[in-house]
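Okay, so here's the structure we're looking at.
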Amino acid sequence: MPSDSTCIFCKIINKEIPADILYEDAHYLCFLDIHPISPGHALVIPKNHSRDILDAAPKDREGLLAVVAKVAPAILKGVHATAFNIGINTGKPAGQVVFHTHIHIIPRQDEDGLKSWDAHKIGIKELQLIRAGISPHL
Ligand code: AMP
Ligand code: ZN
């Protein structure tokens, strides 16, 4: 199983450093985030080391959501939350600081004071231009 001796999440997988583990199977681990955005904020990771979601092997990437679907309802019950965000920061400008593939599960409540996406208005022409720039790469 690929592991990176300098990676903090690989160290958690290998039980070299402690974590509050919520779920573990042969391929995935879910544990509480040490700096939570809300109570119950957890991370789901594949045990195989990869830098991010694009670097991950398809089989490692694909199973992540199944683990989210398994643990999220238990987290919500456990912290009395009614909703959750999932987030995948990919690359430094997106806020990724740990370069081992992970999904954040962030429990939410009505009026919990957390901000959701900071969206802004955009014109139809601008949308079309953006689409034209992306489409040739797919
Ligand atoms: P990201 O910004 O998407 O790379 O998120 C990395 C997350 O890992 C942050 O929310 C950190 O609080 C969390 N984190 C870093 N080290 C640990 C650790 N030892 N145990 C639990 N969570 C950690
Ligand atoms: Zn790692």
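All residue names refer to the structure tokens as shown: chains lettered A, B, ... in order, residues numbered from 1 in each chain, ligands numbered from 1 in order.
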
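Running DSSP on the backbone and keeping only strand (DSSP E or B), the residues of segment 3-67 of chain A that qualify are Ile21, Leu22, Tyr23, Glu24, Tyr28, Leu29, Cys30, Phe31, Leu32, Ala42, Leu43, Val44, Ile45 and Pro46 of chain A.
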
Contacts with ligand 2 at most 9 Å, only C-alpha atoms and all ligand atoms counted, listed as a PDB file with N, CA and C atoms, in the first residue's frame:
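Done, and the output landed in pocket.pdb:
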ATOM      1  N   PRO A   2       0.822   2.121  -1.056  1.00  0.00           N
ATOM      2  CA  PRO A   2       1.709   3.293  -1.097  1.00  0.00           C
ATOM      3  C   PRO A   2       1.541   4.172   0.132  1.00  0.00           C
ATOM      4  N   SER A   3       2.677   4.532   0.747  1.00  0.00           N
ATOM      5  CA  SER A   3       2.667   5.361   1.945  1.00  0.00           C
ATOM      6  C   SER A   3       3.811   6.357   1.806  1.00  0.00           C
ATOM      7  N   ASP A   4       3.653   7.564   2.395  1.00  0.00           N
ATOM      8  CA  ASP A   4       4.698   8.586   2.338  1.00  0.00           C
ATOM      9  C   ASP A   4       5.113   8.878   3.778  1.00  0.00           C
ATOM     10  N   SER A   5       6.369   8.570   4.096  1.00  0.00           N
ATOM     11  CA  SER A   5       6.817   8.655   5.494  1.00  0.00           C
ATOM     12  C   SER A   5       6.793  10.094   6.016  1.00  0.00           C
ATOM     13  N   THR A   6       6.706  11.080   5.110  1.00  0.00           N
ATOM     14  CA  THR A   6       6.685  12.480   5.558  1.00  0.00           C
ATOM     15  C   THR A   6       5.254  13.016   5.688  1.00  0.00           C
ATOM     16  N   CYS A   7       4.264  12.176   5.329  1.00  0.00           N
ATOM     17  CA  CYS A   7       2.867  12.642   5.247  1.00  0.00           C
ATOM     18  C   CYS A   7       2.150  12.410   6.585  1.00  0.00           C
ATOM     19  N   ILE A   8       1.533  13.473   7.107  1.00  0.00           N
ATOM     20  CA  ILE A   8       0.897  13.388   8.423  1.00  0.00           C
ATOM     21  C   ILE A   8      -0.291  12.423   8.417  1.00  0.00           C
ATOM     22  N   PHE A   9      -1.030  12.348   7.307  1.00  0.00           N
ATOM     23  CA  PHE A   9      -2.173  11.440   7.263  1.00  0.00           C
ATOM     24  C   PHE A   9      -1.707   9.986   7.121  1.00  0.00           C
ATOM     25  N   CYS A  10      -0.600   9.767   6.414  1.00  0.00           N
ATOM     26  CA  CYS A  10      -0.040   8.406   6.361  1.00  0.00           C
ATOM     27  C   CYS A  10       0.394   7.979   7.770  1.00  0.00           C
ATOM     28  N   LYS A  11       0.912   8.940   8.543  1.00  0.00           N
ATOM     29  CA  LYS A  11       1.309   8.618   9.927  1.00  0.00           C
ATOM     30  C   LYS A  11       0.086   8.239  10.759  1.00  0.00           C
ATOM     31  N   ILE A  12      -1.042   8.896  10.505  1.00  0.00           N
ATOM     32  CA  ILE A  12      -2.275   8.534  11.225  1.00  0.00           C
ATOM     33  C   ILE A  12      -2.712   7.125  10.803  1.00  0.00           C
ATOM     34  N   ILE A  13      -2.659   6.850   9.498  1.00  0.00           N
ATOM     35  CA  ILE A  13      -3.031   5.521   8.987  1.00  0.00           C
ATOM     36  C   ILE A  13      -2.162   4.442   9.644  1.00  0.00           C
ATOM     37  N   ILE A  45     -10.295   9.640   4.227  1.00  0.00           N
ATOM     38  CA  ILE A  45      -9.092   9.504   3.387  1.00  0.00           C
ATOM     39  C   ILE A  45      -8.938   8.065   2.889  1.00  0.00           C
ATOM     40  N   PRO A  46      -8.387   7.921   1.687  1.00  0.00           N
ATOM     41  CA  PRO A  46      -7.983   6.573   1.269  1.00  0.00           C
ATOM     42  C   PRO A  46      -6.672   6.220   1.958  1.00  0.00           C
ATOM     43  N   LYS A  47      -6.455   4.958   2.233  1.00  0.00           N
ATOM     44  CA  LYS A  47      -5.206   4.561   2.898  1.00  0.00           C
ATOM     45  C   LYS A  47      -4.002   4.648   1.962  1.00  0.00           C
ATOM     46  N   ASN A  48      -4.233   4.471   0.669  1.00  0.00           N
ATOM     47  CA  ASN A  48      -3.145   4.653  -0.295  1.00  0.00           C
ATOM     48  C   ASN A  48      -2.798   6.128  -0.373  1.00  0.00           C
ATOM     49  N   HIS A  49      -1.530   6.462  -0.273  1.00  0.00           N
ATOM     50  CA  HIS A  49      -1.144   7.871  -0.368  1.00  0.00           C
ATOM     51  C   HIS A  49      -1.276   8.384  -1.799  1.00  0.00           C
ATOM     52  N   SER A  50      -1.904   9.550  -1.940  1.00  0.00           N
ATOM     53  CA  SER A  50      -1.882  10.318  -3.195  1.00  0.00           C
ATOM     54  C   SER A  50      -1.984  11.772  -2.772  1.00  0.00           C
ATOM     55  N   ARG A  51      -1.502  12.674  -3.616  1.00  0.00           N
ATOM     56  CA  ARG A  51      -1.443  14.105  -3.242  1.00  0.00           C
ATOM     57  C   ARG A  51      -2.825  14.737  -3.144  1.00  0.00           C
ATOM     58  N   VAL A  98      -2.811  19.846   3.529  1.00  0.00           N
ATOM     59  CA  VAL A  98      -2.294  18.477   3.689  1.00  0.00           C
ATOM     60  C   VAL A  98      -2.428  17.773   2.342  1.00  0.00           C
ATOM     61  N   PHE A  99      -1.281  17.361   1.813  1.00  0.00           N
ATOM     62  CA  PHE A  99      -1.289  16.791   0.464  1.00  0.00           C
ATOM     63  C   PHE A  99      -1.377  15.266   0.505  1.00  0.00           C
ATOM     64  N   HIS A 100      -2.457  14.821   1.128  1.00  0.00           N
ATOM     65  CA  HIS A 100      -2.917  13.429   1.090  1.00  0.00           C
ATOM     66  C   HIS A 100      -4.420  13.548   0.829  1.00  0.00           C
ATOM     67  N   THR A 101      -4.900  12.931  -0.216  1.00  0.00           N
ATOM     68  CA  THR A 101      -6.305  13.057  -0.636  1.00  0.00           C
ATOM     69  C   THR A 101      -7.264  12.931   0.541  1.00  0.00           C
TER      70      THR A 101
END

Report as JSON lines the residues of chain A within 9 Å of ligand 1, each with its shortest atom pair and distance in Å (one decimal), using only C-alpha atoms and all ligand atoms, ordered by chain and increasing residue number.
{"residue": "A:Ile8", "atom": "CA", "partner": "ligand 1", "partner_atom_place_in_ligand_line": "19 (N)", "distance": 6.3}
{"residue": "A:Phe9", "atom": "CA", "partner": "ligand 1", "partner_atom_place_in_ligand_line": "19 (N)", "distance": 7.0}
{"residue": "A:Lys11", "atom": "CA", "partner": "ligand 1", "partner_atom_place_in_ligand_line": "19 (N)", "distance": 8.6}
{"residue": "A:Ile12", "atom": "CA", "partner": "ligand 1", "partner_atom_place_in_ligand_line": "19 (N)", "distance": 7.2}
{"residue": "A:Ile17", "atom": "CA", "partner": "ligand 1", "partner_atom_place_in_ligand_line": "19 (N)", "distance": 7.3}
{"residue": "A:Pro18", "atom": "CA", "partner": "ligand 1", "partner_atom_place_in_ligand_line": "19 (N)", "distance": 7.4}
{"residue": "A:Ala19", "atom": "CA", "partner": "ligand 1", "partner_atom_place_in_ligand_line": "20 (N)", "distance": 5.6}
{"residue": "A:Asp20", "atom": "CA", "partner": "ligand 1", "partner_atom_place_in_ligand_line": "21 (C)", "distance": 7.8}
{"residue": "A:Phe31", "atom": "CA", "partner": "ligand 1", "partner_atom_place_in_ligand_line": "21 (C)", "distance": 6.8}
{"residue": "A:Leu32", "atom": "CA", "partner": "ligand 1", "partner_atom_place_in_ligand_line": "21 (C)", "distance": 5.9}
{"residue": "A:Asp33", "atom": "CA", "partner": "ligand 1", "partner_atom_place_in_ligand_line": "22 (N)", "distance": 3.8}
{"residue": "A:Ile34", "atom": "CA", "partner": "ligand 1", "partner_atom_place_in_ligand_line": "21 (C)", "distance": 4.1}
{"residue": "A:His35", "atom": "CA", "partner": "ligand 1", "partner_atom_place_in_ligand_line": "12 (O)", "distance": 4.1}
{"residue": "A:Pro36", "atom": "CA", "partner": "ligand 1", "partner_atom_place_in_ligand_line": "12 (O)", "distance": 6.4}
{"residue": "A:Ile37", "atom": "CA", "partner": "ligand 1", "partner_atom_place_in_ligand_line": "10 (O)", "distance": 7.8}
{"residue": "A:His41", "atom": "CA", "partner": "ligand 1", "partner_atom_place_in_ligand_line": "10 (O)", "distance": 8.4}
{"residue": "A:Ala42", "atom": "CA", "partner": "ligand 1", "partner_atom_place_in_ligand_line": "22 (N)", "distance": 7.9}
{"residue": "A:Leu43", "atom": "CA", "partner": "ligand 1", "partner_atom_place_in_ligand_line": "22 (N)", "distance": 7.3}
{"residue": "A:Gly87", "atom": "CA", "partner": "ligand 1", "partner_atom_place_in_ligand_line": "3 (O)", "distance": 7.7}
{"residue": "A:Ile88", "atom": "CA", "partner": "ligand 1", "partner_atom_place_in_ligand_line": "3 (O)", "distance": 6.2}
{"residue": "A:Asn89", "atom": "CA", "partner": "ligand 1", "partner_atom_place_in_ligand_line": "3 (O)", "distance": 4.6}
{"residue": "A:Thr90", "atom": "CA", "partner": "ligand 1", "partner_atom_place_in_ligand_line": "3 (O)", "distance": 7.2}
{"residue": "A:Gly91", "atom": "CA", "partner": "ligand 1", "partner_atom_place_in_ligand_line": "4 (O)", "distance": 8.4}
{"residue": "A:Lys92", "atom": "CA", "partner": "ligand 1", "partner_atom_place_in_ligand_line": "4 (O)", "distance": 8.2}
{"residue": "A:Ala94", "atom": "CA", "partner": "ligand 1", "partner_atom_place_in_ligand_line": "2 (O)", "distance": 8.1}
{"residue": "A:Gly95", "atom": "CA", "partner": "ligand 1", "partner_atom_place_in_ligand_line": "2 (O)", "distance": 4.9}
{"residue": "A:Gln96", "atom": "CA", "partner": "ligand 1", "partner_atom_place_in_ligand_line": "4 (O)", "distance": 3.5}
{"residue": "A:Val97", "atom": "CA", "partner": "ligand 1", "partner_atom_place_in_ligand_line": "4 (O)", "distance": 3.6}
{"residue": "A:Val98", "atom": "CA", "partner": "ligand 1", "partner_atom_place_in_ligand_line": "4 (O)", "distance": 3.9}
{"residue": "A:Phe99", "atom": "CA", "partner": "ligand 1", "partner_atom_place_in_ligand_line": "4 (O)", "distance": 6.3}
{"residue": "A:His100", "atom": "CA", "partner": "ligand 1", "partner_atom_place_in_ligand_line": "4 (O)", "distance": 7.8}
{"residue": "A:Thr101", "atom": "CA", "partner": "ligand 1", "partner_atom_place_in_ligand_line": "4 (O)", "distance": 8.3}
{"residue": "A:His102", "atom": "CA", "partner": "ligand 1", "partner_atom_place_in_ligand_line": "3 (O)", "distance": 6.9}
{"residue": "A:Ile103", "atom": "CA", "partner": "ligand 1", "partner_atom_place_in_ligand_line": "3 (O)", "distance": 7.4}
{"residue": "A:His104", "atom": "CA", "partner": "ligand 1", "partner_atom_place_in_ligand_line": "3 (O)", "distance": 7.0}

Let me see the file: selected residues, N, CA, C and O atoms, as a compact mmCIF listing (two decimals), in the first residue's frame.
# COMPACT_ATOMS: atom_id res chain seq x y z
N ILE A 8 1.53 13.47 7.11
CA ILE A 8 0.90 13.39 8.42
C ILE A 8 -0.29 12.42 8.42
O ILE A 8 -0.53 11.71 9.38
N PHE A 9 -1.03 12.35 7.31
CA PHE A 9 -2.17 11.44 7.26
C PHE A 9 -1.71 9.99 7.12
O PHE A 9 -2.33 9.08 7.68
N LYS A 11 0.91 8.94 8.54
CA LYS A 11 1.31 8.62 9.93
C LYS A 11 0.09 8.24 10.76
O LYS A 11 0.17 7.37 11.63
N ILE A 12 -1.04 8.90 10.51
CA ILE A 12 -2.28 8.53 11.23
C ILE A 12 -2.71 7.12 10.80
O ILE A 12 -3.07 6.29 11.63
N ILE A 17 0.92 8.46 14.76
CA ILE A 17 0.42 9.57 15.58
C ILE A 17 -1.07 9.32 15.82
O ILE A 17 -1.74 8.69 15.00
N PRO A 18 -1.58 9.84 16.94
CA PRO A 18 -2.97 9.53 17.30
C PRO A 18 -3.98 10.35 16.50
O PRO A 18 -3.65 11.42 15.98
N ALA A 19 -5.19 9.82 16.42
CA ALA A 19 -6.31 10.56 15.84
C ALA A 19 -7.57 9.98 16.44
O ALA A 19 -7.57 8.84 16.92
N ASP A 20 -8.64 10.77 16.41
CA ASP A 20 -9.93 10.27 16.88
C ASP A 20 -10.64 9.61 15.70
O ASP A 20 -11.36 10.26 14.95
N PHE A 31 -11.58 10.23 10.39
CA PHE A 31 -11.22 10.70 11.73
C PHE A 31 -11.60 12.16 11.88
O PHE A 31 -11.81 12.87 10.89
N LEU A 32 -11.69 12.60 13.15
CA LEU A 32 -12.08 13.99 13.41
C LEU A 32 -10.95 14.95 13.04
O LEU A 32 -9.78 14.69 13.32
N ASP A 33 -11.35 16.07 12.42
CA ASP A 33 -10.39 17.13 12.10
C ASP A 33 -9.95 17.80 13.39
O ASP A 33 -10.78 18.15 14.23
N ILE A 34 -8.65 17.99 13.52
CA ILE A 34 -8.09 18.54 14.77
C ILE A 34 -8.40 20.03 14.94
O ILE A 34 -8.35 20.55 16.05
N HIS A 35 -8.73 20.72 13.84
CA HIS A 35 -9.13 22.14 13.89
C HIS A 35 -10.50 22.28 13.24
O HIS A 35 -10.61 22.77 12.10
N PRO A 36 -11.54 21.84 13.93
CA PRO A 36 -12.86 21.73 13.28
C PRO A 36 -13.52 23.07 12.95
O PRO A 36 -13.42 24.03 13.72
N ILE A 37 -14.20 23.09 11.82
CA ILE A 37 -15.03 24.24 11.44
C ILE A 37 -16.33 24.19 12.23
O ILE A 37 -16.91 25.23 12.56
N HIS A 41 -16.69 17.83 12.60
CA HIS A 41 -15.94 17.99 11.34
C HIS A 41 -14.96 16.82 11.21
O HIS A 41 -14.12 16.60 12.07
N ALA A 42 -15.11 16.06 10.14
CA ALA A 42 -14.31 14.84 9.97
C ALA A 42 -13.68 14.81 8.59
O ALA A 42 -14.10 15.52 7.66
N LEU A 43 -12.66 13.98 8.47
CA LEU A 43 -11.96 13.81 7.19
C LEU A 43 -12.04 12.34 6.79
O LEU A 43 -11.85 11.47 7.63
N GLY A 87 -16.36 18.88 1.33
CA GLY A 87 -15.43 19.76 0.62
C GLY A 87 -14.14 19.04 0.29
O GLY A 87 -13.69 18.19 1.07
N ILE A 88 -13.62 19.34 -0.88
CA ILE A 88 -12.33 18.76 -1.29
C ILE A 88 -11.46 19.91 -1.77
O ILE A 88 -11.65 20.42 -2.88
N ASN A 89 -10.55 20.37 -0.93
CA ASN A 89 -9.64 21.43 -1.33
C ASN A 89 -8.55 20.80 -2.19
O ASN A 89 -7.88 19.87 -1.75
N THR A 90 -8.39 21.30 -3.39
CA THR A 90 -7.43 20.69 -4.32
C THR A 90 -6.45 21.75 -4.80
O THR A 90 -6.81 22.61 -5.61
N GLY A 91 -5.23 21.71 -4.25
CA GLY A 91 -4.20 22.70 -4.59
C GLY A 91 -4.16 23.81 -3.55
O GLY A 91 -5.14 24.12 -2.90
N LYS A 92 -2.96 24.40 -3.42
CA LYS A 92 -2.72 25.41 -2.38
C LYS A 92 -3.66 26.60 -2.47
O LYS A 92 -4.23 27.01 -1.45
N ALA A 94 -6.58 26.73 -3.34
CA ALA A 94 -7.92 26.29 -2.90
C ALA A 94 -7.96 25.99 -1.41
O ALA A 94 -9.00 25.57 -0.89
N GLY A 95 -6.83 26.16 -0.74
CA GLY A 95 -6.81 25.96 0.71
C GLY A 95 -6.28 24.61 1.13
O GLY A 95 -6.33 24.27 2.33
N GLN A 96 -5.77 23.81 0.18
CA GLN A 96 -5.23 22.50 0.58
C GLN A 96 -3.91 22.71 1.32
O GLN A 96 -3.01 23.38 0.80
N VAL A 97 -3.82 22.15 2.52
CA VAL A 97 -2.57 22.24 3.26
C VAL A 97 -1.97 20.87 3.54
O VAL A 97 -0.76 20.74 3.75
N VAL A 98 -2.81 19.85 3.53
CA VAL A 98 -2.29 18.48 3.69
C VAL A 98 -2.43 17.77 2.34
O VAL A 98 -3.54 17.63 1.80
N PHE A 99 -1.28 17.36 1.81
CA PHE A 99 -1.29 16.79 0.46
C PHE A 99 -1.38 15.27 0.51
O PHE A 99 -0.49 14.56 0.05
N HIS A 100 -2.46 14.82 1.13
CA HIS A 100 -2.92 13.43 1.09
C HIS A 100 -4.42 13.55 0.83
O HIS A 100 -5.12 14.22 1.61
N THR A 101 -4.90 12.93 -0.22
CA THR A 101 -6.30 13.06 -0.64
C THR A 101 -7.26 12.93 0.54
O THR A 101 -7.17 11.98 1.32
N HIS A 102 -8.18 13.89 0.65
CA HIS A 102 -9.17 13.82 1.73
C HIS A 102 -10.43 14.59 1.38
O HIS A 102 -10.39 15.56 0.63
N ILE A 103 -11.54 14.14 1.96
CA ILE A 103 -12.81 14.85 1.87
C ILE A 103 -13.17 15.34 3.27
O ILE A 103 -13.12 14.58 4.23
N HIS A 104 -13.54 16.61 3.36
CA HIS A 104 -14.05 17.17 4.62
C HIS A 104 -15.55 16.89 4.71
O HIS A 104 -16.29 17.10 3.74

Go through A:Ala26, A:His137, A:Ile130, A:Ala83 and flag the residue nearest Glu111 of chain A, using only C-alpha atoms for the distances.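 That would be A:Ala83, the residue with the smallest distance to Glu111 of chain A.
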
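In this comparison, which uses only C-alpha atoms, the residue of A:His120, A:Lys70, A:Lys15, A:Lys59 approaching His27 of chain A most closely is A:Lys59.
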
Identify, with DSSP run on backbone atoms, the residues in segment 55-126 of chain A assigned to helix (DSSP H, G or I), and express the list as a count of residues only. 28

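With only C-alpha atoms as the basis for measurement, A:Val67 is the residue among A:Val67, A:Leu129, A:Val79, A:Leu114 that approaches Tyr28 of chain A most closely.
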
7 Å contact set for Arg108 of chain A, only C-alpha atoms, chain neighbours under 4 positions out, as an MDAnalysis selection string: chainID A and resid 81:84 112

Take the residues from that selection and write them out as a CSV table (one decimal), in the first residue's frame, keeping N, CA, C and O atoms.
chain,number,residue,atom,x,y,z
A,81,ALA,N,-26.6,17.5,14.4
A,81,ALA,CA,-26.6,18.4,13.3
A,81,ALA,C,-27.7,18.0,12.3
A,81,ALA,O,-28.2,16.8,12.4
A,82,THR,N,-28.1,18.8,11.4
A,82,THR,CA,-29.2,18.5,10.5
A,82,THR,C,-28.8,18.5,9.1
A,82,THR,O,-29.6,18.2,8.2
A,83,ALA,N,-27.5,18.9,8.8
A,83,ALA,CA,-27.1,19.0,7.4
A,83,ALA,C,-25.6,18.9,7.4
A,83,ALA,O,-24.9,19.0,8.5
A,84,PHE,N,-25.0,18.8,6.3
A,84,PHE,CA,-23.5,18.9,6.2
A,84,PHE,C,-23.0,19.3,4.8
A,84,PHE,O,-23.7,19.1,3.8
A,112,ASP,N,-26.1,28.5,12.0
A,112,ASP,CA,-24.9,28.2,12.7
A,112,ASP,C,-23.8,29.2,12.5
A,112,ASP,O,-22.7,29.1,13.1

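Here the question is which of A:Val71, A:Cys30, A:Ile53, A:Ile106 gets nearest to Ile86 of chain A using only C-alpha atoms, and that residue is A:Ile106.
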
Measure the distance from atom CA of Glu24 of chain A to atom CA of Ser116 of chain A in Å and round it to one decimal.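 Atom-to-atom, atom CA of Glu24 of chain A to atom CA of Ser116 of chain A, that is 29.2 Å.
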